[in-house]
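Dropping work.cif in here (mmCIF, C-alpha atoms and all ligand atoms):
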```cif
data_data
#
loop_
_atom_site.label_atom_id
_atom_site.label_comp_id
_atom_site.auth_asym_id
_atom_site.auth_seq_id
_atom_site.Cartn_x
_atom_site.Cartn_y
_atom_site.Cartn_z
CA MET A 387 4.66 59.98 12.70
CA LYS A 388 1.80 58.26 14.42
CA ARG A 389 0.23 57.26 11.07
CA ILE A 390 3.50 55.84 9.77
CA GLY A 391 3.86 53.89 13.00
CA MET A 392 0.43 52.33 12.54
CA ARG A 393 1.18 51.50 8.91
CA THR A 394 4.46 49.80 9.87
CA LYS A 395 2.63 47.78 12.50
CA PHE A 396 0.02 46.60 9.98
CA MET A 397 2.77 45.80 7.52
CA LEU A 398 4.66 43.74 10.10
CA ILE A 399 1.50 41.86 11.10
CA PHE A 400 0.75 41.20 7.44
CA ILE A 401 4.30 39.92 6.78
CA ALA A 402 4.09 37.69 9.89
CA LEU A 403 0.75 36.21 8.78
CA PHE A 404 2.06 35.69 5.25
CA THR A 405 5.16 33.92 6.57
CA ILE A 406 3.09 31.65 8.83
CA CYS A 407 0.79 30.70 5.95
CA ALA A 408 3.77 30.05 3.65
CA VAL A 409 5.40 27.80 6.26
CA ILE A 410 2.16 25.85 6.75
CA LEU A 411 1.72 25.44 2.99
CA VAL A 412 5.29 24.27 2.34
CA SER A 413 5.35 21.89 5.31
CA SER A 414 2.03 20.34 4.36
CA VAL A 415 3.25 19.85 0.79
CA PHE A 416 6.32 18.06 2.19
CA LYS A 417 4.21 16.05 4.61
CA ASN A 418 1.21 15.19 2.44
CA GLY A 419 2.33 15.88 -1.12
CA ALA A 420 3.16 12.25 -1.78
CA SER A 421 -0.24 10.96 -0.68
CA TRP A 422 -2.10 13.77 -2.53
CA SER A 423 -0.40 13.14 -5.82
CA MET A 424 -0.45 9.36 -5.33
CA HIS A 425 -4.22 9.24 -5.04
CA PRO A 426 -5.36 6.63 -7.58
CA ALA A 427 -7.81 9.23 -8.97
CA ASN A 428 -4.85 11.30 -10.21
CA GLN A 429 -5.12 10.59 -13.96
CA ASP A 430 -1.65 11.92 -14.67
CA LEU A 431 -0.25 8.95 -12.80
CA PHE A 432 -2.90 6.24 -12.79
CA THR A 433 -5.21 4.39 -15.17
CA ASP A 434 -7.89 2.49 -13.24
CA GLY A 435 -5.70 2.53 -10.15
CA VAL A 436 -2.67 1.16 -12.01
CA LEU A 437 0.44 3.28 -12.14
CA LYS A 438 1.21 4.53 -15.69
CA TYR A 439 4.96 4.72 -15.14
CA GLU A 440 7.03 1.63 -15.70
CA SER A 441 8.49 0.33 -12.49
CA GLU A 442 9.44 -2.98 -11.03
CA ILE A 443 9.27 -4.55 -7.59
CA SER A 444 11.66 -7.45 -7.15
CA ASP A 445 12.80 -9.77 -4.37
CA ARG A 446 16.25 -9.80 -2.75
CA HIS A 447 17.67 -11.94 -5.58
CA GLY A 448 16.17 -9.81 -8.37
CA ALA A 449 13.18 -12.09 -9.09
CA LEU A 450 10.23 -10.14 -10.46
CA LEU A 451 7.34 -9.75 -8.01
CA LEU A 452 5.33 -7.01 -9.71
CA LYS A 453 5.85 -4.79 -12.72
CA THR A 454 3.73 -1.86 -13.83
CA SER A 455 3.81 -1.48 -17.58
CA GLY A 456 1.44 0.40 -19.90
CA GLY A 457 -1.25 0.64 -17.23
CA ALA A 458 -1.14 -3.11 -16.47
CA LEU A 459 0.20 -5.07 -13.50
CA ILE A 460 2.46 -7.98 -14.37
CA TYR A 461 3.30 -10.52 -11.66
CA ASN A 462 5.80 -13.37 -11.34
CA ASP A 463 5.17 -16.44 -13.53
CA SER A 464 4.83 -18.74 -10.51
CA GLU A 465 1.40 -18.92 -8.89
CA ALA A 466 3.00 -19.93 -5.55
CA ILE A 467 5.16 -16.77 -5.62
CA ARG A 468 2.22 -14.59 -6.68
CA ARG A 469 0.05 -15.88 -3.84
CA SER A 470 2.71 -16.03 -1.14
CA THR A 471 3.95 -12.48 -1.72
CA LEU A 472 0.51 -10.94 -2.35
CA HIS A 473 0.12 -9.36 1.09
CA ALA A 474 3.65 -7.91 1.03
CA VAL A 475 3.54 -6.72 -2.58
CA GLY A 476 -0.10 -5.64 -3.05
CA GLU A 477 -2.53 -5.39 -5.94
CA ALA A 478 -4.44 -2.86 -8.04
CA SER A 479 -7.59 -2.43 -5.94
CA GLY A 480 -5.63 -1.25 -2.89
CA ASN A 481 -7.74 -3.50 -0.63
CA ILE A 482 -4.56 -5.06 0.70
CA VAL A 483 -3.24 -1.98 2.46
CA SER A 484 -0.09 -3.71 3.70
CA GLY A 485 1.23 -4.25 0.14
CA VAL A 486 4.12 -1.93 -0.77
CA TYR A 487 2.38 -1.18 -4.07
CA THR A 488 -0.27 0.61 -2.00
CA SER A 489 1.61 1.63 1.15
CA ASN A 490 4.73 2.93 -0.62
CA ARG A 491 3.49 3.78 -4.11
CA SER A 492 5.06 7.23 -4.05
CA ARG A 493 8.46 5.55 -4.10
CA LEU A 494 7.58 3.75 -7.32
CA THR A 495 7.02 7.04 -9.12
CA GLY A 496 10.29 8.47 -7.86
CA TYR A 497 8.22 11.18 -6.15
CA ASN A 498 10.05 13.92 -4.29
CA PRO A 499 8.56 17.03 -2.66
CA VAL A 500 10.44 19.48 -4.91
CA PHE A 501 9.79 18.06 -8.38
CA GLY A 502 6.77 15.90 -7.51
CA ALA A 503 6.19 12.70 -9.48
CA PHE A 504 8.14 13.85 -12.50
CA SER A 505 9.49 11.47 -15.10
CA LEU A 506 11.20 12.40 -18.37
CA ASN A 507 11.09 8.94 -19.91
CA GLY A 508 7.88 7.48 -18.44
CA ARG A 509 9.85 5.31 -16.05
CA GLY A 510 9.30 5.44 -12.32
CA SER A 511 11.58 3.99 -9.67
CA ASP A 512 12.21 0.32 -9.09
CA MET A 513 11.99 -1.22 -5.65
CA THR A 514 13.85 -4.18 -4.16
CA LEU A 515 12.30 -6.02 -1.24
CA THR A 516 14.16 -8.00 1.41
CA LEU A 517 11.85 -10.98 0.75
CA ASP A 518 13.11 -14.24 -0.67
CA ALA A 519 10.42 -15.24 -3.18
CA GLY A 520 11.49 -18.91 -3.17
CA LEU A 521 11.27 -19.03 0.61
CA CYS A 522 7.83 -17.40 0.54
CA ALA A 523 6.69 -20.02 -1.97
CA SER A 524 8.01 -22.83 0.29
CA ALA A 525 6.16 -21.32 3.25
CA TYR A 526 2.99 -21.12 1.15
CA GLY A 527 3.40 -24.82 0.30
CA ALA A 528 3.95 -25.70 3.97
CA LEU A 529 0.70 -24.00 5.02
CA ASP A 530 -1.01 -26.17 2.40
CA GLY A 531 -4.18 -24.09 2.10
CA ARG A 532 -4.73 -23.70 5.85
CA LYS A 533 -5.39 -20.24 7.23
CA GLY A 534 -2.60 -18.59 9.17
CA THR A 535 0.65 -16.74 8.78
CA ILE A 536 4.40 -17.23 8.62
CA GLY A 537 7.06 -14.60 9.19
CA VAL A 538 10.86 -14.95 9.09
CA TYR A 539 13.39 -12.17 9.60
CA ASN A 540 17.10 -11.77 10.10
CA TYR A 541 17.45 -10.71 13.74
CA LYS A 542 20.92 -9.22 13.13
CA THR A 543 20.02 -6.99 10.17
CA GLY A 544 16.21 -6.66 10.33
CA GLU A 545 15.59 -7.94 6.77
CA ILE A 546 12.21 -9.65 6.47
CA LEU A 547 12.75 -12.77 4.35
CA CYS A 548 9.27 -14.22 4.44
CA MET A 549 5.86 -12.70 5.15
CA ILE A 550 2.90 -14.77 4.13
CA SER A 551 -0.74 -14.60 5.04
CA SER A 552 -3.42 -17.16 4.24
CA PRO A 553 -6.05 -17.16 2.79
CA ASN A 554 -4.62 -15.38 -0.20
CA TYR A 555 -5.49 -15.43 -3.88
CA ASP A 556 -3.84 -15.35 -7.26
CA PRO A 557 -3.74 -11.67 -8.30
CA ASN A 558 -3.90 -12.84 -11.92
CA ASP A 559 -7.27 -14.37 -11.14
CA PRO A 560 -8.82 -12.46 -8.22
CA PRO A 561 -11.90 -14.06 -6.62
CA ALA A 562 -15.22 -12.41 -7.39
CA PHE A 563 -17.73 -12.04 -4.59
CA GLY A 564 -20.27 -9.46 -3.55
CA ASP A 565 -20.70 -7.95 -0.12
CA GLU A 566 -20.94 -11.37 1.47
CA ILE A 567 -17.44 -12.82 1.74
CA PRO A 568 -17.48 -16.66 1.73
CA PRO A 569 -15.90 -18.29 4.84
CA GLU A 570 -12.86 -19.57 2.92
CA TYR A 571 -11.98 -15.97 2.04
CA GLU A 572 -12.59 -14.56 5.52
CA GLY A 573 -10.08 -11.79 6.23
CA ILE A 574 -8.49 -12.29 2.81
CA TYR A 575 -7.28 -8.69 2.52
CA LEU A 576 -5.78 -8.82 6.01
CA ASN A 577 -2.04 -9.29 6.41
CA ARG A 578 -2.26 -11.76 9.31
CA LEU A 579 1.41 -11.37 10.26
CA LEU A 580 1.07 -7.63 10.83
CA THR A 581 -2.55 -7.24 11.84
CA GLY A 582 -3.78 -10.68 12.96
CA LEU A 583 -4.73 -11.20 16.61
CA TYR A 584 -4.98 -14.69 18.09
CA ALA A 585 -5.19 -16.36 21.48
CA PRO A 586 -1.50 -17.08 22.06
CA GLY A 587 -1.76 -20.22 24.17
CA SER A 588 1.56 -21.42 25.49
CA VAL A 589 3.85 -19.11 23.49
CA PHE A 590 2.72 -16.62 26.16
CA LYS A 591 4.73 -18.72 28.67
CA ILE A 592 7.79 -16.96 27.20
CA ILE A 593 6.49 -13.79 28.85
CA THR A 594 5.41 -15.46 32.11
CA SER A 595 8.93 -16.96 32.24
CA MET A 596 10.54 -13.53 31.73
CA ALA A 597 8.62 -12.22 34.71
CA ALA A 598 9.46 -15.30 36.82
CA ILE A 599 13.19 -15.17 36.01
CA GLU A 600 13.37 -11.55 37.11
CA THR A 601 11.07 -11.54 40.13
CA ILE A 602 11.06 -15.02 41.73
CA PRO A 603 14.61 -15.40 43.08
CA ASP A 604 14.60 -19.21 43.54
CA ILE A 605 12.55 -20.02 40.42
CA TYR A 606 15.15 -22.49 39.07
CA GLU A 607 15.12 -24.49 42.34
CA ARG A 608 11.35 -24.66 42.64
CA THR A 609 9.16 -27.64 41.83
CA PHE A 610 5.46 -27.59 40.97
CA LEU A 611 2.90 -30.35 41.25
CA CYS A 612 0.97 -31.29 38.13
CA GLU A 613 -1.76 -33.92 38.46
CA GLY A 614 -2.96 -33.52 34.90
CA GLY A 615 -3.73 -29.97 35.97
CA THR A 616 -4.16 -28.11 39.23
CA TYR A 617 -6.85 -26.35 41.24
CA ILE A 618 -6.65 -22.57 41.62
CA ASP A 619 -9.29 -21.30 44.06
CA GLY A 620 -11.37 -24.40 43.36
CA GLU A 621 -11.22 -24.06 39.56
CA TRP A 622 -9.48 -26.82 37.62
CA ILE A 623 -6.77 -25.64 35.24
CA ALA A 624 -6.22 -28.61 32.94
CA CYS A 625 -2.77 -29.55 31.65
CA MET A 626 -2.12 -31.43 28.37
CA GLY A 627 0.10 -33.87 30.32
CA ASN A 628 0.40 -35.31 33.82
CA HIS A 629 3.82 -34.10 34.88
CA GLY A 630 3.95 -34.92 38.61
CA ASN A 631 6.65 -32.88 40.34
CA ILE A 632 8.24 -30.68 37.72
CA GLY A 633 10.92 -27.96 37.80
CA PHE A 634 10.78 -24.57 36.06
CA GLU A 635 12.78 -25.38 32.91
CA SER A 636 11.03 -28.72 32.35
CA ALA A 637 7.68 -27.04 32.96
CA PHE A 638 8.59 -24.66 30.11
CA SER A 639 9.71 -27.40 27.71
CA HIS A 640 6.72 -29.64 28.52
CA SER A 641 4.50 -26.57 28.60
CA CYS A 642 2.97 -27.55 31.94
CA ASN A 643 -0.18 -25.52 32.53
CA ALA A 644 -0.36 -26.45 36.22
CA ALA A 645 3.11 -25.04 36.93
CA TYR A 646 2.52 -21.86 34.92
CA ALA A 647 -0.91 -21.19 36.47
CA VAL A 648 0.77 -21.32 39.91
CA ILE A 649 3.67 -19.14 38.70
CA ALA A 650 1.23 -16.56 37.30
CA ASN A 651 -0.46 -16.36 40.69
CA GLU A 652 2.86 -15.92 42.47
CA LEU A 653 3.72 -13.10 40.10
CA GLY A 654 0.37 -11.38 40.54
CA SER A 655 -1.65 -9.62 37.87
CA GLU A 656 0.26 -6.34 37.99
CA THR A 657 3.67 -7.93 37.47
CA LEU A 658 2.42 -10.22 34.70
CA GLU A 659 0.76 -7.33 32.88
CA GLN A 660 3.88 -5.19 33.31
CA TYR A 661 6.06 -7.86 31.65
CA ALA A 662 3.54 -8.41 28.85
CA LYS A 663 3.74 -4.68 28.12
CA LYS A 664 7.53 -4.77 28.26
CA ALA A 665 7.41 -7.58 25.67
CA GLY A 666 5.34 -5.41 23.31
CA PHE A 667 1.71 -5.96 24.38
CA GLY A 668 -0.34 -2.79 23.92
CA GLU A 669 2.23 -1.53 21.41
CA THR A 670 1.79 -0.80 17.70
CA PHE A 671 4.88 -1.46 15.61
CA GLU A 672 5.53 -0.16 12.12
CA VAL A 673 7.06 -1.83 9.08
CA ASN A 674 7.82 0.54 6.18
CA GLY A 675 4.84 2.71 7.02
CA VAL A 676 2.39 -0.13 7.78
CA LYS A 677 1.21 -0.34 11.37
CA THR A 678 0.76 -3.62 13.24
CA SER A 679 -2.17 -4.46 15.52
CA ALA A 680 -1.27 -4.24 19.20
CA SER A 681 -1.36 -7.45 21.26
CA ARG A 682 -3.88 -7.18 24.09
CA ILE A 683 -3.87 -8.07 27.76
CA ASP A 684 -6.13 -6.77 30.49
CA LEU A 685 -5.82 -8.31 33.93
CA GLU A 686 -7.52 -5.63 35.97
CA GLY A 687 -9.66 -7.04 38.76
CA ILE A 688 -8.97 -10.60 37.56
CA SER A 689 -9.76 -13.69 39.71
CA ASN A 690 -6.91 -16.01 40.73
CA ALA A 691 -8.20 -18.79 38.50
CA ASN A 692 -8.39 -16.46 35.49
CA LEU A 693 -4.92 -15.16 36.29
CA GLY A 694 -3.79 -18.79 36.05
CA TRP A 695 -5.42 -19.00 32.60
CA ALA A 696 -3.89 -15.67 31.54
CA GLY A 697 -0.40 -16.87 32.55
CA ILE A 698 -0.74 -19.80 30.12
CA GLY A 699 -1.91 -17.56 27.28
CA GLN A 700 -5.64 -18.18 27.53
CA PHE A 701 -8.31 -15.98 29.21
CA THR A 702 -8.64 -12.80 27.13
CA ASP A 703 -5.00 -12.52 26.00
CA LEU A 704 -4.72 -11.78 22.27
CA ALA A 705 -1.39 -11.78 20.52
CA ASN A 706 -0.18 -10.36 17.24
CA PRO A 707 2.13 -12.78 15.36
CA TYR A 708 4.56 -10.01 14.35
CA ASN A 709 4.93 -9.11 18.03
CA PHE A 710 6.04 -12.68 18.78
CA MET A 711 8.40 -12.82 15.79
CA LEU A 712 9.98 -9.60 17.09
CA LEU A 713 10.13 -10.99 20.64
CA ALA A 714 11.86 -14.17 19.40
CA GLY A 715 14.36 -11.98 17.54
CA ALA A 716 14.86 -9.90 20.67
CA VAL A 717 15.58 -12.98 22.81
CA ALA A 718 18.11 -14.13 20.19
CA ASN A 719 19.70 -10.67 20.17
CA GLY A 720 20.22 -10.02 23.89
CA GLY A 721 16.77 -8.51 24.44
CA GLN A 722 17.23 -5.68 21.94
CA PRO A 723 15.39 -6.26 18.67
CA VAL A 724 16.73 -4.87 15.41
CA LYS A 725 13.82 -3.21 13.60
CA PRO A 726 12.47 -5.43 10.81
CA TYR A 727 12.01 -3.90 7.34
CA LEU A 728 10.77 -4.92 3.92
CA ILE A 729 12.12 -2.39 1.40
CA SER A 730 15.86 -2.60 0.84
CA LYS A 731 16.10 -0.31 -2.15
CA SER A 732 13.89 2.10 -4.05
CA GLY A 733 15.00 4.58 -6.67
CA LEU A 734 18.60 4.57 -7.82
CA MET A 735 20.16 4.48 -4.39
CA PRO A 736 20.05 1.71 -1.77
CA GLU A 737 18.15 2.67 1.37
CA ILE A 738 20.50 4.47 3.73
CA ARG A 739 20.07 2.52 6.90
CA LEU A 740 22.09 1.69 9.93
CA ASN A 741 20.38 -1.01 11.92
CA LYS A 742 17.49 0.72 13.59
CA HIS A 743 16.20 -0.67 16.84
CA GLU A 744 12.80 -1.19 18.33
CA LYS A 745 12.42 -0.63 22.05
CA ARG A 746 14.16 -3.23 24.21
CA LEU A 747 11.74 -6.10 24.91
CA ALA A 748 13.77 -7.94 27.57
CA ASP A 749 16.77 -7.28 29.82
CA GLU A 750 20.00 -8.78 28.53
CA ASP A 751 20.45 -11.40 31.29
CA THR A 752 16.80 -12.43 31.03
CA ALA A 753 17.11 -12.79 27.25
CA GLU A 754 20.17 -15.02 27.71
CA ALA A 755 18.32 -17.17 30.26
CA LEU A 756 15.29 -17.45 27.95
CA LYS A 757 17.49 -18.32 25.01
CA ALA A 758 18.95 -21.23 27.00
CA MET A 759 15.43 -22.34 27.96
CA MET A 760 14.14 -22.15 24.37
CA ARG A 761 17.14 -24.19 23.25
CA ASN A 762 16.47 -26.65 26.08
CA ASN A 763 12.87 -27.07 24.84
CA VAL A 764 14.22 -28.59 21.63
CA ILE A 765 16.91 -30.68 23.32
CA GLU A 766 14.70 -31.98 26.14
CA TYR A 767 11.32 -32.32 24.48
CA TYR A 768 10.79 -31.40 20.80
CA GLY A 769 13.95 -33.25 19.70
CA ASP A 770 16.84 -31.97 17.59
CA GLY A 771 15.97 -34.73 15.11
CA THR A 772 12.67 -32.94 14.45
CA PHE A 773 14.71 -29.98 13.16
CA GLU A 774 17.61 -31.79 11.48
CA GLY A 775 20.70 -29.63 11.19
CA LEU A 776 19.05 -26.47 12.56
CA HIS A 777 20.24 -25.01 15.84
CA MET A 778 16.60 -24.48 16.82
CA CYS A 779 15.42 -22.54 19.89
CA ALA A 780 11.63 -22.34 20.17
CA LYS A 781 8.35 -22.47 22.04
CA THR A 782 5.11 -24.16 21.04
CA GLY A 783 1.59 -22.89 21.57
CA THR A 784 -1.68 -24.79 21.29
CA ALA A 785 -4.26 -22.09 21.89
CA GLU A 786 -7.74 -23.30 22.83
CA VAL A 787 -10.50 -21.38 21.07
CA ASP A 788 -14.30 -21.57 21.23
CA ASP A 789 -14.89 -22.10 17.52
CA GLY A 790 -13.07 -25.32 16.75
CA GLU A 791 -9.63 -26.92 16.89
CA PRO A 792 -6.91 -24.95 18.73
CA HIS A 793 -4.67 -22.48 16.88
CA ALA A 794 -1.20 -23.98 16.48
CA TRP A 795 1.74 -21.65 17.21
CA PHE A 796 5.47 -22.14 16.92
CA THR A 797 7.89 -19.26 17.44
CA GLY A 798 11.63 -19.05 17.93
CA PHE A 799 14.94 -18.55 16.20
CA LEU A 800 18.05 -20.30 14.93
CA ASP A 801 21.07 -19.80 17.19
CA ASP A 802 23.30 -19.72 14.13
CA GLU A 803 25.75 -16.95 13.17
CA THR A 804 25.38 -17.73 9.45
CA HIS A 805 21.59 -17.93 9.54
CA PRO A 806 20.41 -15.59 12.29
CA TYR A 807 16.70 -15.99 11.60
CA ALA A 808 13.75 -15.51 13.95
CA PHE A 809 10.29 -16.72 12.97
CA VAL A 810 6.68 -17.15 13.88
CA VAL A 811 4.17 -19.68 12.53
CA VAL A 812 0.44 -19.64 13.24
CA VAL A 813 -1.87 -22.27 11.74
CA GLU A 814 -5.47 -21.33 12.53
CA HIS A 815 -7.42 -24.26 13.96
CA GLY A 816 -4.38 -26.36 13.10
CA GLY A 817 -4.35 -28.43 16.31
CA SER A 818 -1.08 -29.22 18.08
CA GLY A 819 1.58 -26.52 18.27
CA LEU A 820 4.48 -28.95 17.93
CA SER A 821 3.25 -31.46 15.38
CA VAL A 822 1.47 -28.93 13.13
CA ALA A 823 3.09 -25.49 13.48
CA GLY A 824 6.47 -27.05 14.45
CA SER A 825 6.46 -29.15 11.31
CA VAL A 826 5.59 -26.09 9.15
CA ALA A 827 8.41 -24.16 10.89
CA ASN A 828 10.85 -26.97 10.13
CA THR A 829 9.98 -26.96 6.41
CA VAL A 830 10.31 -23.17 6.23
CA MET A 831 13.53 -22.91 8.23
CA GLN A 832 15.15 -25.76 6.26
CA ALA A 833 14.34 -23.75 3.12
CA ALA A 834 15.66 -20.58 4.80
CA VAL A 835 19.09 -22.04 5.59
CA GLY A 836 19.23 -23.59 2.13
CA VAL A 837 18.74 -20.22 0.38
ZN ZN B 901 1.47 -30.40 33.58
#
```
Using the file provided, produce a representation of the structure as structure tokens.
Ligand SMILES: [Zn+2]
Amino acid sequence: MKRIGMRTKFMLIFIALFTICAVILVSSVFKNGASWSMHPANQDLFTDGVLKYESEISDRHGALLLKTSGGALIYNDSEAIRRSTLHAVGEASGNIVSGVYTSNRSRLTGYNPVFGAFSLNGRGSDMTLTLDAGLCASAYGALDGRKGTIGVYNYKTGEILCMISSPNYDPNDPPAFGDEIPPEYEGIYLNRLLTGLYAPGSVFKIITSMAAIETIPDIYERTFLCEGGTYIDGEWIACMGNHGNIGFESAFSHSCNAAYAVIANELGSETLEQYAKKAGFGETFEVNGVKTSASRIDLEGISNANLGWAGIGQFTDLANPYNFMLLAGAVANGGQPVKPYLISKSGLMPEIRLNKHEKRLADEDTAEALKAMMRNNVIEYYGDGTFEGLHMCAKTGTAEVDDGEPHAWFTGFLDDETHPYAFVVVVEHGGSGLSVAGSVANTVMQAAVGV
């Protein structure tokens, strides 16, 4: 009896071990199978990194963006479309990791964990993106060769309509360079919308305002003195204007550095940092499997003067453009952003998606108050005539940098039921936020409402 007992015990242990191993194997096949079989070295599926199966990636209107056919990649006929959608679509080398051709290639083969990448007729799965190729081409034209990024998304549904990053190149004629990348191609494989980090300048005043609205009870009744700037602890914080006595809302529309440096000091470093984090700083977002770079702020042990600089988006603040596009969409949508996405359909079936949400970036009342202030910026200062026919709500940023002209920012949204679009524009070393990035935003948003 004793021997049988021992044998049963061994048997049970053996069965338990076997079951554990089987579970680990099956779950890792489900989890990693796609990336294992999608490795470009898999010769059943790839020739020189190009998918053998025929499949097509198209824009929201069915325009061809990229087709794999007979081991070759075929792009749209228009160079502007090829260049402007390069960072969203991808290319053969896989250097542009944000491109769906690289980040979501398993979907193009119709891969599933049970049958693998199995095709009877040599055809894979097609993919439809939410992008509007014509709009991307317009945005590419508006950047006019300057480095930077433009993103537009529908803040009610999450569809990304435009995602462009510059510099880019024509995938039909890729640039050849060795290890040393020439300055004009610096960061060329980087998707600046998702992974760029820039000094935000005055677009950061959106966040300082959020904190002020919620924590300084009489903020709307207050006035601040601007004498072309102000002293904080003996250090001069220069303003771009000389605004005299100025109230909160006008200080926002005229982007008064003196007022916001004082406000930042009233808030204190902890409160300002807390609101920056609430607005997405320190957070990595994800778009169809591609992760964004987290915006950065660190105010620990900061001096009062530097806190003044941080409150106007200078000091060591670094912002990710996608974060600000999402924040603009959140303000437009009562503080709760709908999660942006790029792939609307792959395989035979449309993506099954209810609107997914990112974490709330602002309280509802605060979002409403900010929305009114961003609308007021256009009415009071930028001018509705600058954005003819658009119900524009926005904030400029002219971010001073050490290595040349300031980065020009413009972010906001259209308060328009038919065209609920939020956007961000960054023109690197572009100069003025309003005249440079604002003008690019106008061109792009005019094209967006026309499409
Ligand atoms: Zn001022």
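With the cut-off set to 7 Å and only C-alpha atoms and all ligand atoms counted, the residues surrounding ligand ZN 901 (chain B) are Cys612, Glu613, Gly614, Gly615, Cys625, Met626, Gly627, Asn628, His629, Ser641, Cys642, Asn643, Ala644 and Ala645 of chain A.
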Need the shell around Met549 (chain A): protein/DNA/RNA residues with any atom at most 7 Å away, counting all atoms listed in the file. Skip same-chain ones fewer than 6 positions apart. Format as a list in words? Ala474, Cys522, Ile536, Gly537, Val538 and Leu579 of chain A
Could you pull the residues within 8 Å of region 773-784 of chain A, counting all atoms listed in the file, minus those fewer than 3 positions along the same chain, as a ChimeraX atom specification? /A:586-590,592,639,641,757,760-764,769-770,792-802,817-820,823-824,828,831-832
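Proximity of A:Gly675, A:Pro557, A:Gly485, A:Gly534 to Tyr461 (chain A), computed with all atoms listed in the file, is greatest for A:Pro557.
Note that the spacing between CA of Ile567 (chain A) and CA of Lys533 (chain A) amounts to 15.2 Å.
Of the residues under consideration (A:Thr514, A:Asn577, A:Ser470, A:Thr543), A:Thr514 shows the shortest atom-to-atom contact distance to Gly733 (chain A) when counting all atoms listed in the file.
Here CA of Ala650 (chain A) and CA of Ile765 (chain A) stand 25.3 Å from one another.
Nearest-residue note for Ala597 (chain A): choosing from A:Ser552, A:Tyr727, A:Thr752, A:Ile574, the minimum distance belongs to A:Thr752, counting only C-alpha atoms.
Taking all atoms listed in the file into account, the protein, DNA and RNA residues within 8 Å of (-1.2, -25.4, 7.2) read Ala528, Leu529, Asp530, Gly531, Arg532, Lys533, Gly534, Val813, Glu814, Gly816, Val822, Ala823 and Val826 of chain A.
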Exercise: Val486 (chain A) partners within 9 Å, all atoms listed in the file, chain neighbours under 2 positions left out, as JSON, numbers by chain: {"A": [443, 473, 474, 475, 476, 483, 484, 488, 489, 490, 491, 674, 676, 728, 729]}
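The two atoms in question, CA of Lys664 (chain A) and CA of Arg746 (chain A), are spaced 7.9 Å apart.
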